[in-house]
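Enquirer: Here you go, one structure.
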Amino acid sequence: MGWSLVCPAVVILLLMTIAPTIYLLQSSFFSFTLLNPELKRFVGLQNFVQVILDPTIRHGILVTLLFVVLAVGIELIAGLILAVALAPRSLGNTIGSTVLLLPFAVTPVVSALIWRQLLNPNYGWVDYYLQRLGIIGRPIEWLSSAPTAWVAIVGLDVWQWTPFVALILMAGLQGIPKEPQEAAAVDGANAWQTFWHVTLPQLRPFIALAVLLRLVEAFKTFGTVQILTGGGPGRATELINLTLYRIGLQDFQIGAAAALGILFLILLSIIVSQLLQVLGKNTELLE
Amino acid sequence: MPDIDSKRMPLKVAGRLVVWGSIVAALVPLIFMLITSIKPTGDAQTIPPKWVFVPTLEHYEAVFGGQTSSSQAFLPLLWHSAIVAMCSTALTILVGLPAAYALARVRFKGRHFLATWILSTIMFPPIVAAIPVFIIAGQLQLIDTYPILIIPYTAFNLPLVVWLLRSFIAQIPAEIEDAARVDGCSRIGVLRKIILPLVVPGLAAGATLSLILCWNEFLFALTLTRSDVKTAPVGINEFTGMFGTQWGNLTAASTAIVAPILVMTLVLRRRLISGLTLGAVK
Amino acid sequence: MQRRDFLRLVACATGTAVFGGTLSSRGAKAAATKPQKLNLLYATAEADSEAVKLVLPDFASKLGIKLNLETFPYAALQQKVFAELASSSAFYDIMVVDTPWMPALTNKIEPLSSYLKNPQLNDITDPEIKDFIPAVFYDAAVFNPKKSHLHFPDSNAPVDVAEIEKQGFEIYGLPLQANVLTLAYRKDLFEDPQEQQAFQSKYGKPLSVPETWDDFVPVAEFFTRPDKRLYGTTLMAGSGDWAVDDFKTLVACWGADGHLITDDFKMSFASPEGVAALTFYSDLINKQKVTPPGVTSFSWDDVADTFNSGLTAMAMNYHDMKLNSGVKGEVAYAMVPKKVASGPHFGTWILSVNKFSKNKEWAYRAVAWLTGAEAQTKMLEKQLHPSRASVYKEAAANSSLQKDFANFYDVLGKSLAVGVGRARLSNYFDVSKVIAVAVNNAATGSQKPQAALDAALPQVKEMLKQAGYTVADN
């Protein structure tokens, strides 16, 4: 019975994952570019070895991990605050939650370009108004030094994806039964206590869900960072997906790209399964 | 209960200020987008930024009238995006809700594994998945058709929607269902009459997210379409390039994209909420 | 249905299929039928699609075929071209190809030398192959199918199909939009009497557009006035291929091979001249400080934006510049300064015939017409960068062009003749990124030029080996 209900979903997912998986698994053992298949040679595990030994890729993994932790962490806190504020049904909140969606609704390419323009040291609003307000003396070259470039990419991600987290948490808040909160209020608990001891535990599965979903998506960040910094300055913001794009879709070295993709997948699976264990123990995410 | 409200009031007000303050701050890029879309081209990049200017609709006219340097008018692209997004979202919900119910409620063998496997499918980096999909789609003569976008998008969003709804359904006390079953309701009936109304917030959220993610997907749209089904993000990308960004056209086009997305999500949420809570039995 | 009937049906169907198959193969031996339309995959702004759009009606009337134009900006176009060719798709009959993509694509593009020699196929347009600027033609269209990393030995000889074939090379398309690095400058500033006087008194020589890099520095310093929002020049020092293009231009000027990696895999970018060139580049930004803020994250479009907004007195870019409406000034052009040699970076878009196209002969005719002298002359109206010497003569005689674009075409033509292209690597973008990171690190000051290039050298060698090239270990 259960299987018949999940069947359609499974079929669609299988459709989209079986062929690419087989293709990639197979390609990763060869060295070739799609454009010269005659030069295809079997290289066994050589692609994997090269990827693991490549310091650029190791650096990319670290960069990606740091980015994900920072971005998702901030998005979680901001999303929670916004969700709590906007969950109760009211006209103001309906408007607020619709406005909240706007950053998320803008095409990522466009938001990256707009951010780049806003951060332009010569013409951007940010540096101009910061100087006018006397906060800074000279314009900040945001994308030219690593720390500020990081602020830019994390900031852009937070701006764009906090609505995602907030939306999930808001739905959770709207779905949980209200009786426990009312009971706590009757018992004399103030707003903060009610929130911390009653609402938050109820919300835990949704927090876990939001973190999980956002984390996995964050690992796949590509377009916005590519446009905003291109991986620069130097390789300071070169997420693993930027490297993957260059190898796979600019040089079309499918073997190397497949190996990197598979290793990336393995790494992500390890991280997610650890996360699921931790979350599963503390919340009712898996039961 | 007036006593409790007055205790909560100052906290509430302060909280509201912070929240609305940050929402307004977050609107700055969008204000930039809107303003630039009605600025004459020469005013787009100036120091100090020009706030007083003669608004013009020339960029919107150019974008919709097809007079930009891109190869297609923009309106059909919006239409393609809308169709793909709506179909994919409908399919995702249609297929995802029963799956979520099964994973949450039905105790069948392998459901844990299945739930984890479903999640694992979104860990695939789309960059490497695009090429084999393109090759196979080419062999099947499906390039530049609606299904070639709808199916992958559904696959991308299913794990999200399934897991979201699963958490919702898991929250519903089992007793309600059991009572309905005792009254002679079938599983599907339970799904329709009991579960559905109670997961409405989750449905609304999931559908909204799915809609937006479909609208903004770029990589697969670029690889798998040519001109028949080209979507809006691909079209917008044409206003960028090595020779400079066409700011007027770019911002006009993206404002044009954001509007239908907002309308769609608003309609969706209100419909869902009103339509499904009618006759809900709590 | 009875089994017998079913078998009969199958037999009939098979028979029909075989018969139809023989018929169609016979038909293919006859002259290729003229298609109703051809599909052209093109670049939006980078290859000047407006120019192509301009001649579409003429195309239709001359060839009797509708040309279906689809355009994409650079990154998206590259993906599209590669994806379509990698999957052997026949959809796009003609594609525009940028020079660095070609080494990887030689197996999927139809070689054209046999077409060029076939008089039947050159009935509508005479390709006039000797009219193409040799340096441009050889860099963009002539590749060795077996050893795709080699450049044609004599890149200044007039184009000759027989000679090309004799040397083991092939022609993979015909060039259309030829881009080369040129210097744009604010004519109004350079000709302003007050500026000239001030410069004369400060430096003891007249203010003129710099012809050497040594002359460049004082001029740039002179025009650097941050409090007046004016800087000497802008550069594309961001971490990407564009920085490599800036760098290789300087490497050529300092006397080393401007391809950065020679055909026999000598790493000229890490030579003493390379280090000197990078030091000069980094000094412009960090020592003499003649560049505006943010230059170390600039790419192509930023250079254009910055100069057009009036922020700098000079700029080096690959197309004509147009000052924003709020900026009062005049633009003129000059060749990029030199040192011991001249070697501005160049790259050209060529029109190639898809090997899998079902209309190759007509696609070739289309390519020949579009790159022909007549079409290119008309496309000048939309600022095409021509690839034919005769068209440059036309441009020189065209007074309205002179009025609108000053001496751009004159400088363009002269620069193309001495341009230096890229190394031909199948993993070009990976290698380019390594060098770009080195250039960017030197530009931001986070690494000294020598150290940056020393760090890049082993990485580049390793990548080349992984791509299958034989590289000496010294």
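Convention: chains lettered A, B, ... in structure tokens order; per-chain residue numbering from 1; ligands numbered from 1 as shown.
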If you run DSSP on the backbone, which residues of segment 217-246 of chain C are alpha helix (DSSP H), as a ChimeraX atom specification?

Expert: /C:217-222,241-246

Enquirer: Compute the chain C side of the contact with chain A at 7 Å, counting only C-alpha atoms, and hand it back as a list of chain:residue names.

Expert: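 Result, ordered by chain then number: C:Gln79, C:Ala86, C:Ala104, C:Leu105, C:Asn107, C:Lys108, C:Ser239, C:Pro293, C:Gly294, C:Thr296, C:Ser297, C:Ser426, C:Asn427, C:Tyr428, C:Phe429, C:Asp430, C:Val437, C:Asn440, C:Asn441.
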
Enquirer: Quick one: which chain C residues come within 8 Å of chain B, and what is the nearest atom pair for each with the distance in Å to one decimal, counting only C-alpha atoms, rows ordered by chain and ascending number, as CSV?

Expert:
residue,atom,partner,partner_atom,distance
C:Thr44,CA,B:Ser70,CA,6.4
C:Ala45,CA,B:Phe243,CA,6.6
C:Glu46,CA,B:Met242,CA,6.4
C:Ser49,CA,B:Ser69,CA,7.4
C:Glu50,CA,B:Ser69,CA,6.5
C:Leu69,CA,B:Ser71,CA,7.0
C:Glu70,CA,B:Ser71,CA,5.7
C:Thr71,CA,B:Ser71,CA,5.8
C:Phe72,CA,B:Glu238,CA,5.8
C:Pro73,CA,B:Gly241,CA,5.4
C:Tyr74,CA,B:Gly241,CA,6.4
C:Ala76,CA,B:Leu222,CA,7.2
C:Gln79,CA,B:Thr223,CA,7.4
C:Lys80,CA,B:Thr223,CA,6.2
C:Ala83,CA,B:Ile131,CA,6.9
C:Ser87,CA,B:Ile135,CA,5.2
C:Ser89,CA,B:Gly138,CA,7.1
C:Ser299,CA,B:Met242,CA,8.0
C:Trp300,CA,B:Met242,CA,5.5
C:Asp301,CA,B:Gly244,CA,4.2
C:Asp302,CA,B:Gly244,CA,7.1
C:Ala304,CA,B:Gly244,CA,6.7
C:Asp305,CA,B:Gly244,CA,6.7
C:Ser309,CA,B:Gln45,CA,7.4
C:Asn324,CA,B:Gly42,CA,5.7
C:Ser325,CA,B:Gly42,CA,5.2
C:Gly326,CA,B:Gly42,CA,6.3

Enquirer: Considering only C-alpha atoms, state which residue in the set B:Phe168, B:Phe74, B:Trp215, B:Tyr153 is at the smallest distance from Arg204 of chain A.

Expert: B:Phe168

Enquirer: Would you work out the distance separating atom CA of Val411 of chain C from atom CA of Ile129 of chain C, expressed in Å to one decimal?

Expert: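 Between atom CA of Val411 of chain C and atom CA of Ile129 of chain C the gap works out to 22.6 Å.
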
Enquirer: Return the single residue from A:Val278, A:Val151, A:Leu102, A:Leu91 that is closest to chain B, with distances computed using only C-alpha atoms.

Expert: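 Smallest separation from chain B among the options: A:Leu102.
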
Enquirer: Taking only C-alpha atoms into account, which of A:Leu239, A:Leu86, A:Ala171, A:Ile135 comes nearest chain B?

Expert: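 The shortest atom-to-atom distance to chain B comes from A:Ala171.
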
Enquirer: Calculated over only C-alpha atoms, which of the candidates C:Arg186, C:Lys339, C:Lys130, C:His151 has the smallest distance to Phe169 of chain C?

Expert: C:His151

Enquirer: Of the residues C:Tyr469, C:Phe346, C:Phe137, C:Phe405, which is the one nearest to Val418 of chain C, using only C-alpha atoms?

Expert: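 Result for the nearest residue to Val418 of chain C: C:Phe346.
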
Enquirer: What's around Thr194 of chain A at 8 Å? Count only C-alpha atoms, leave out sequence neighbours fewer than 5 positions away in its own chain, and write the answer as a list in words.

Expert: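 Near Thr194 of chain A, the qualifying residues are Gln181, Ala184, Ala185, Ala189 and Thr199 of chain A.
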
Enquirer: Just the selected residues (all heavy atoms), exported as an mmCIF file, in the first residue's frame, please.

Expert:
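Saved to out04.cif:
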data_model
loop_
_atom_site.group_PDB
_atom_site.id
_atom_site.type_symbol
_atom_site.label_atom_id
_atom_site.label_comp_id
_atom_site.auth_asym_id
_atom_site.auth_seq_id
_atom_site.Cartn_x
_atom_site.Cartn_y
_atom_site.Cartn_z
ATOM 1 N N GLN A 181 0.444 26.820 23.668
ATOM 2 C CA GLN A 181 0.845 28.191 23.966
ATOM 3 C C GLN A 181 -0.167 28.877 24.853
ATOM 4 O O GLN A 181 0.177 29.588 25.794
ATOM 5 C CB GLN A 181 0.994 29.032 22.680
ATOM 6 C CG GLN A 181 2.338 28.929 22.047
ATOM 7 C CD GLN A 181 2.255 28.061 20.819
ATOM 8 O OE1 GLN A 181 1.458 27.147 20.797
ATOM 9 N NE2 GLN A 181 3.054 28.371 19.852
ATOM 10 N N ALA A 184 0.162 27.713 28.322
ATOM 11 C CA ALA A 184 1.319 28.279 29.008
ATOM 12 C C ALA A 184 1.049 29.707 29.427
ATOM 13 O O ALA A 184 1.419 30.135 30.521
ATOM 14 C CB ALA A 184 2.540 28.223 28.098
ATOM 15 N N ALA A 185 0.357 30.456 28.556
ATOM 16 C CA ALA A 185 0.055 31.860 28.900
ATOM 17 C C ALA A 185 -0.839 31.912 30.120
ATOM 18 O O ALA A 185 -0.659 32.741 31.018
ATOM 19 C CB ALA A 185 -0.611 32.546 27.714
ATOM 20 N N ALA A 189 3.202 32.219 31.963
ATOM 21 C CA ALA A 189 4.489 32.370 31.290
ATOM 22 C C ALA A 189 4.486 33.609 30.415
ATOM 23 O O ALA A 189 3.475 33.938 29.796
ATOM 24 C CB ALA A 189 4.767 31.129 30.432
ATOM 25 N N THR A 199 6.871 26.820 22.061
ATOM 26 C CA THR A 199 6.813 26.919 20.603
ATOM 27 C C THR A 199 8.031 26.281 19.942
ATOM 28 O O THR A 199 7.900 25.495 18.999
ATOM 29 C CB THR A 199 6.741 28.405 20.174
ATOM 30 O OG1 THR A 199 5.815 29.067 21.004
ATOM 31 C CG2 THR A 199 6.327 28.509 18.726
#

Enquirer: Enter the distance from atom CA of Ser88 of chain B to atom CA of Leu149 of chain B, in Å, rounded to one decimal.

Expert: 8.4 Å
